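First up is the structure itself, then whatever we jot down about it.
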Amino acid sequence: MEMLLFGVWALLALILCPGVAEELFEVSVWPDQALVKYGQSLMVNCSTTCPDPGPNGIETLLKKTQVGKGPQWKEFLLEDVTQDSILLCFFSCAGIQKDISLGITVYQPPEQVIVELQPAWVAVDEAFTVTCHVPSVTPLENLTLTLLQDNQELHRKNFKSLSMASQRAEVTISAKAEREDDRCNFSCRAELDLRSHGGGLFHSNSAIKVLRIFEFSRSPQIWVPSLLEVGMAETVSCEVARVFPAEEVMIHMFLGDQELSPFLSWEGDAVWANATVRAMETGDQELSCLVSLGPVKQKTREPVHVYSFPPPILEIEELYPLAGTEMNVTCSGHVLTSPSPTLRLQGAPALPAPGEPAWLLLTTREEDDGRNFSCEASLEVQGQQLSKTTVIQLHVLYKPRLEESGCPGNQTWLEGMEQMLACVPKGNPAPVLMCTWNGTVFDLEVPQKATQNHSRTYCCTATNQLGSVSKDIAVIVQGLDEGVSSTIFVVIFVALGVGVVTISLYLNNRPCKIERRKLPYRQKEKNKEEESQFAVQQAEKCNAHNC
């Protein structure tokens with residue numbers, strides 16, 4: 001009711017007192033809060049309650065264009081708004097001017113957020129920095145930057161308390177590198193809160209940056225022989241200890257300009273590479289090992305000397321000579337060996353002069369078959385004594401022979417027992433043996449059960465490429481009782497012999513006193529010995545008469 005009465009009174013005052021109405025006029029602007037994105041346009045309406053306004057308009061440094069008007073209002077378009085400013089809207093009424101200001105706030109959301117790691121690879125116990133900055137964002141007093149490590153908040157910064165001169169959308173932290181920090185993810189989140197200006201909340205995230213931690217404090221070590229023989233494969237290796245992370249180490253190996261192909265292995269904090277090298281040129285060269293981990297590289301070099309030392313040349317005039325052949329055996333150094341080696345030929349009468357070949361004049365014998373001749377060359381390279389040997393086996397050819405030791409002419413078989421004809425010929429090449437009886441070939445490989453029918457004379461012939469030889473072999477098959485009698489006789493004879501020897505040794509080693517004291521006993525032993533000899537003689541007579 002009070003508001004209604006006040007409105008009625010105001011209306012009467014305007015009708016009855018125009019001058020009072022002019023003094024009570026108002027000036028307004030729309031919008032009452034202006035939040036403009038950087039580079040965009042803004043529509044501003046300036047109006048009044050004065051019934052008959054006088055001069056009016058807006059004052060601003062921005063580019064403006066009037067786009068509409070009415071008796072008590074005007075509308076303007078502000079273009080390309082790039083900075084904060086104050087706009088003044090004014091109206092005159094009955095000679096009285098009133099104005100109202102509009103603060104225009106320009107904003108730019110954090111569209112690009114950048115995280116930088118310095119350095120990206122950092123050594124253990126060294127310092128590194130993480131920096132987050134936003135190239136274009138406004139207003140800074142509404143910005144908050146948050147650094148994250150593996151999605152955990154690491155540091156937060158706002159810019160409300162900073163002076164205008166020092167404002168920069170950036171935050172930086174420093175830390176000391178530990179092995180546990182390797183492969184940590186760092187990122188940054190930017191938030192622009194314009195809700196107090198009638199706007200919204202803008203946020204943006206940076207790309208993830210990965211921090212790499214390494215340890216590489218020791219130089220690589222090369223393992224290579226000081227001497228390499230040209231054309232020969234040799235294993236070389238390169239090792240680096242106390243390195244992290246070991247599995248990411250890269251190793252390149254070179255012999256001069258020739259790059260090798262190493263095989264890498266690692267265990268714990270140690271990494272090593274093995275490679276096969278084959279030098280193709282003689283002289284002084286250099287083996288190098290280049291180890292890299294992240295941005296760090298270390299190179300180690302080791303000198304090597306490449307020499308040429310082919311095996312010596314051993315020459316025999318004929319490898320398969322006939323027995324009785326006279327021939328030369330020569331031992332000489334290879335032409336690619338420098339300097340000339342010292343030579344030694346097995347069996348040679350004397351050492352040759354340096355650079356001269358060693359030789360031997362040989363008349364071959366059957367005993368030389370299978371004999372090995374060795375030629376040894378010695379060479380001093382870089383203070384080291386080297387030697388190489390060439391071996392050749394001699395094969396002496398000779399005709400077959402059937403010697404009594406390997407092929408006895410008289411052989412005795414025991415009836416009923418498995419027997420084979422014993423005959424091993426000699427000769428080179430190995431002769432072929434054939435035994436026959438009355439034109440029938442006798443099987444020499446399968447044992448035969450001895451019967452009286454095997455008691456006969458066989459003709460055995462040994463043949464090789466150089467000739468043949470024959471020999472008669474008489475086989476006697478004894479009956480089982482004959483064999484047993486002979487066996488018993490042999491056993492008795494051996495036993496008696498052993499007894500006689502034992503008694504003789506015992507009597508000869510007795511002291512003199514004991515010998516005098518036991519003279520009757522020795523007499524008894526002598527009687528026993530005579531009885532034993534008599535028994536042996538009777539056994540021989542019995543055996544002669546087939547007892």
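Chain labels A, B, ... are given in the sequence in which chains occur in the structure tokens; within each chain residues are numbered consecutively from 1, and ligands are likewise numbered from 1 in the order shown.
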
Write down as a PDB file with C-alpha atoms, in the first residue's frame the residues of range 119-314 of chain A whose backbone DSSP state falls under strand (DSSP E or B).
```pdb
ATOM      1  CA  TRP A 121      67.385 -36.258 -18.858  1.00  0.00           C
ATOM      2  CA  VAL A 122      68.984 -35.526 -15.517  1.00  0.00           C
ATOM      3  CA  ALA A 123      71.801 -37.329 -13.695  1.00  0.00           C
ATOM      4  CA  ALA A 127      68.885 -30.618  -9.843  1.00  0.00           C
ATOM      5  CA  PHE A 128      66.074 -30.283 -12.351  1.00  0.00           C
ATOM      6  CA  THR A 129      63.252 -27.772 -12.787  1.00  0.00           C
ATOM      7  CA  VAL A 130      59.633 -28.122 -13.790  1.00  0.00           C
ATOM      8  CA  THR A 131      58.046 -25.049 -15.348  1.00  0.00           C
ATOM      9  CA  CYS A 132      54.410 -24.480 -16.308  1.00  0.00           C
ATOM     10  CA  HIS A 133      53.318 -21.411 -18.237  1.00  0.00           C
ATOM     11  CA  THR A 138      43.675 -12.893 -18.930  1.00  0.00           C
ATOM     12  CA  LEU A 143      44.117 -17.683 -12.840  1.00  0.00           C
ATOM     13  CA  THR A 144      45.348 -20.661 -10.825  1.00  0.00           C
ATOM     14  CA  LEU A 145      48.151 -22.974 -12.007  1.00  0.00           C
ATOM     15  CA  THR A 146      48.609 -26.435 -10.463  1.00  0.00           C
ATOM     16  CA  LEU A 147      51.659 -28.660 -11.084  1.00  0.00           C
ATOM     17  CA  LEU A 148      50.961 -32.413 -10.978  1.00  0.00           C
ATOM     18  CA  GLN A 149      53.295 -35.396 -10.592  1.00  0.00           C
ATOM     19  CA  GLN A 152      49.234 -35.937  -7.491  1.00  0.00           C
ATOM     20  CA  GLU A 153      49.220 -32.211  -6.729  1.00  0.00           C
ATOM     21  CA  LEU A 154      52.796 -31.007  -6.434  1.00  0.00           C
ATOM     22  CA  HIS A 155      52.414 -27.218  -6.272  1.00  0.00           C
ATOM     23  CA  ARG A 156      49.603 -24.635  -6.650  1.00  0.00           C
ATOM     24  CA  LYS A 157      49.914 -20.958  -7.460  1.00  0.00           C
ATOM     25  CA  ASN A 158      47.433 -18.092  -7.921  1.00  0.00           C
ATOM     26  CA  GLU A 170      54.158 -19.120 -14.968  1.00  0.00           C
ATOM     27  CA  VAL A 171      55.126 -21.373 -12.064  1.00  0.00           C
ATOM     28  CA  THR A 172      58.504 -23.117 -11.529  1.00  0.00           C
ATOM     29  CA  ILE A 173      59.780 -25.634  -8.968  1.00  0.00           C
ATOM     30  CA  SER A 174      63.191 -27.259  -8.511  1.00  0.00           C
ATOM     31  CA  ALA A 175      64.068 -30.717  -7.124  1.00  0.00           C
ATOM     32  CA  LYS A 176      66.992 -33.163  -6.833  1.00  0.00           C
ATOM     33  CA  CYS A 184      57.637 -39.796 -13.548  1.00  0.00           C
ATOM     34  CA  ASN A 185      54.871 -37.938 -15.392  1.00  0.00           C
ATOM     35  CA  PHE A 186      54.620 -34.172 -14.931  1.00  0.00           C
ATOM     36  CA  SER A 187      51.670 -32.083 -16.091  1.00  0.00           C
ATOM     37  CA  CYS A 188      49.977 -28.765 -15.358  1.00  0.00           C
ATOM     38  CA  ARG A 189      46.352 -27.697 -14.927  1.00  0.00           C
ATOM     39  CA  ALA A 190      45.234 -24.080 -15.530  1.00  0.00           C
ATOM     40  CA  GLU A 191      41.921 -22.703 -14.188  1.00  0.00           C
ATOM     41  CA  LEU A 192      40.442 -19.286 -15.026  1.00  0.00           C
ATOM     42  CA  ASP A 193      37.538 -18.513 -12.648  1.00  0.00           C
ATOM     43  CA  LEU A 201      35.026 -21.488 -15.006  1.00  0.00           C
ATOM     44  CA  PHE A 202      37.544 -22.264 -17.743  1.00  0.00           C
ATOM     45  CA  HIS A 203      40.188 -24.964 -17.346  1.00  0.00           C
ATOM     46  CA  SER A 204      42.807 -26.630 -19.512  1.00  0.00           C
ATOM     47  CA  ASN A 205      45.535 -29.276 -19.079  1.00  0.00           C
ATOM     48  CA  LYS A 209      56.129 -34.688 -19.848  1.00  0.00           C
ATOM     49  CA  VAL A 210      58.188 -37.698 -18.744  1.00  0.00           C
ATOM     50  CA  LEU A 211      61.278 -37.114 -16.616  1.00  0.00           C
ATOM     51  CA  ARG A 212      64.231 -39.393 -17.296  1.00  0.00           C
ATOM     52  CA  ILE A 213      66.832 -40.098 -14.621  1.00  0.00           C
ATOM     53  CA  PHE A 214      70.172 -41.691 -15.472  1.00  0.00           C
ATOM     54  CA  GLU A 215      73.495 -42.620 -13.922  1.00  0.00           C
ATOM     55  CA  PHE A 216      76.548 -42.923 -16.124  1.00  0.00           C
ATOM     56  CA  GLN A 221      86.157 -50.875 -20.551  1.00  0.00           C
ATOM     57  CA  ILE A 222      87.340 -52.754 -23.669  1.00  0.00           C
ATOM     58  CA  TRP A 223      88.545 -56.356 -23.603  1.00  0.00           C
ATOM     59  CA  LEU A 227      97.325 -59.010 -31.286  1.00  0.00           C
ATOM     60  CA  LEU A 228      94.805 -59.965 -33.953  1.00  0.00           C
ATOM     61  CA  GLU A 229      95.564 -62.319 -36.817  1.00  0.00           C
ATOM     62  CA  ALA A 233      87.644 -64.381 -36.049  1.00  0.00           C
ATOM     63  CA  GLU A 234      88.230 -63.062 -32.541  1.00  0.00           C
ATOM     64  CA  THR A 235      85.761 -62.194 -29.783  1.00  0.00           C
ATOM     65  CA  VAL A 236      86.005 -58.703 -28.289  1.00  0.00           C
ATOM     66  CA  SER A 237      83.861 -57.111 -25.593  1.00  0.00           C
ATOM     67  CA  CYS A 238      82.999 -53.739 -24.122  1.00  0.00           C
ATOM     68  CA  GLU A 239      81.637 -53.325 -20.592  1.00  0.00           C
ATOM     69  CA  VAL A 240      80.287 -50.432 -18.569  1.00  0.00           C
ATOM     70  CA  VAL A 243      74.911 -47.444 -15.239  1.00  0.00           C
ATOM     71  CA  PHE A 244      71.166 -46.772 -14.937  1.00  0.00           C
ATOM     72  CA  MET A 250      73.305 -48.503 -26.524  1.00  0.00           C
ATOM     73  CA  ILE A 251      76.778 -49.761 -27.483  1.00  0.00           C
ATOM     74  CA  HIS A 252      78.486 -49.373 -30.855  1.00  0.00           C
ATOM     75  CA  MET A 253      81.862 -51.006 -31.553  1.00  0.00           C
ATOM     76  CA  PHE A 254      84.305 -50.264 -34.362  1.00  0.00           C
ATOM     77  CA  LEU A 255      87.596 -51.672 -35.632  1.00  0.00           C
ATOM     78  CA  GLN A 258      84.541 -51.141 -39.732  1.00  0.00           C
ATOM     79  CA  GLU A 259      81.432 -51.202 -37.517  1.00  0.00           C
ATOM     80  CA  PHE A 263      75.288 -58.618 -28.849  1.00  0.00           C
ATOM     81  CA  LEU A 264      74.222 -56.770 -25.699  1.00  0.00           C
ATOM     82  CA  SER A 265      73.550 -58.265 -22.265  1.00  0.00           C
ATOM     83  CA  TRP A 266      72.934 -56.692 -18.903  1.00  0.00           C
ATOM     84  CA  GLU A 267      72.620 -57.692 -15.283  1.00  0.00           C
ATOM     85  CA  ALA A 270      76.271 -53.602 -15.589  1.00  0.00           C
ATOM     86  CA  VAL A 271      76.026 -53.792 -19.378  1.00  0.00           C
ATOM     87  CA  TRP A 272      78.388 -55.555 -21.738  1.00  0.00           C
ATOM     88  CA  ALA A 273      78.557 -56.207 -25.457  1.00  0.00           C
ATOM     89  CA  ASN A 274      80.314 -59.066 -27.222  1.00  0.00           C
ATOM     90  CA  ALA A 275      81.220 -58.910 -30.890  1.00  0.00           C
ATOM     91  CA  THR A 276      83.168 -60.985 -33.385  1.00  0.00           C
ATOM     92  CA  VAL A 277      85.884 -59.099 -35.199  1.00  0.00           C
ATOM     93  CA  ARG A 278      87.730 -60.236 -38.312  1.00  0.00           C
ATOM     94  CA  GLY A 283      99.201 -53.089 -39.179  1.00  0.00           C
ATOM     95  CA  ASP A 284      98.315 -50.952 -36.169  1.00  0.00           C
ATOM     96  CA  GLN A 285      94.596 -50.322 -35.777  1.00  0.00           C
ATOM     97  CA  GLU A 286      92.190 -49.115 -33.097  1.00  0.00           C
ATOM     98  CA  LEU A 287      89.205 -50.802 -31.496  1.00  0.00           C
ATOM     99  CA  SER A 288      86.686 -48.271 -30.177  1.00  0.00           C
ATOM    100  CA  CYS A 289      83.546 -48.605 -28.087  1.00  0.00           C
ATOM    101  CA  LEU A 290      80.871 -45.885 -28.083  1.00  0.00           C
ATOM    102  CA  VAL A 291      78.349 -46.098 -25.236  1.00  0.00           C
ATOM    103  CA  SER A 292      75.318 -43.803 -25.180  1.00  0.00           C
ATOM    104  CA  LEU A 293      72.518 -43.342 -22.673  1.00  0.00           C
ATOM    105  CA  VAL A 296      75.284 -38.724 -22.696  1.00  0.00           C
ATOM    106  CA  LYS A 297      77.933 -40.477 -24.803  1.00  0.00           C
ATOM    107  CA  GLN A 298      81.314 -41.892 -23.812  1.00  0.00           C
ATOM    108  CA  LYS A 299      83.916 -43.418 -26.103  1.00  0.00           C
ATOM    109  CA  THR A 300      86.852 -45.668 -25.226  1.00  0.00           C
ATOM    110  CA  ARG A 301      89.678 -46.694 -27.550  1.00  0.00           C
ATOM    111  CA  GLU A 302      92.195 -49.537 -27.413  1.00  0.00           C
ATOM    112  CA  PRO A 303      95.110 -50.046 -29.855  1.00  0.00           C
ATOM    113  CA  VAL A 304      95.559 -53.447 -31.519  1.00  0.00           C
ATOM    114  CA  HIS A 305      98.138 -54.840 -33.916  1.00  0.00           C
ATOM    115  CA  VAL A 306      96.983 -57.015 -36.810  1.00  0.00           C
ATOM    116  CA  TYR A 307      99.515 -59.540 -38.114  1.00  0.00           C
ATOM    117  CA  ILE A 313     103.819 -75.417 -45.546  1.00  0.00           C
ATOM    118  CA  LEU A 314     104.748 -79.084 -45.120  1.00  0.00           C
TER     119      LEU A 314
END
```

Just list the residues in range 398-481 of chain A DSSP gives helix (DSSP H, G or I) on the backbone, as an mmCIF file with N, CA and C atoms, in the first residue's frame.
```
data_model
loop_
_atom_site.group_PDB
_atom_site.id
_atom_site.type_symbol
_atom_site.label_atom_id
_atom_site.label_comp_id
_atom_site.auth_asym_id
_atom_site.auth_seq_id
_atom_site.Cartn_x
_atom_site.Cartn_y
_atom_site.Cartn_z
ATOM 1 N N GLN A 452 86.082 -133.319 -35.741
ATOM 2 C CA GLN A 452 87.246 -133.956 -36.338
ATOM 3 C C GLN A 452 87.362 -133.668 -37.828
ATOM 4 N N ASN A 453 86.229 -133.304 -38.461
ATOM 5 C CA ASN A 453 86.258 -132.978 -39.883
ATOM 6 C C ASN A 453 87.047 -131.701 -40.162
ATOM 7 N N HIS A 454 87.259 -130.848 -39.123
ATOM 8 C CA HIS A 454 88.027 -129.621 -39.320
ATOM 9 C C HIS A 454 89.523 -129.876 -39.262
ATOM 10 N N LEU A 480 88.062 -134.162 -26.377
ATOM 11 C CA LEU A 480 87.868 -133.489 -25.093
ATOM 12 C C LEU A 480 88.764 -134.094 -24.016
ATOM 13 N N ASP A 481 88.933 -135.524 -24.034
ATOM 14 C CA ASP A 481 89.770 -136.165 -23.013
ATOM 15 C C ASP A 481 91.225 -135.787 -23.203
#
```

Margin query: Neighbouring residues of Pro354 in chain A were defined as those with any atom within 9 Å, considering only C-alpha atoms; residues of the same chain fewer than 4 positions away were excluded. Please report them as an MDAnalysis selection string.
Written below: chainID A and resid 340:343

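Each of A:Asn410, A:Ser41, A:Gln346, A:Thr440 was compared to Thr82 in chain A using only C-alpha atoms, and A:Ser41 turns out to be the nearest.
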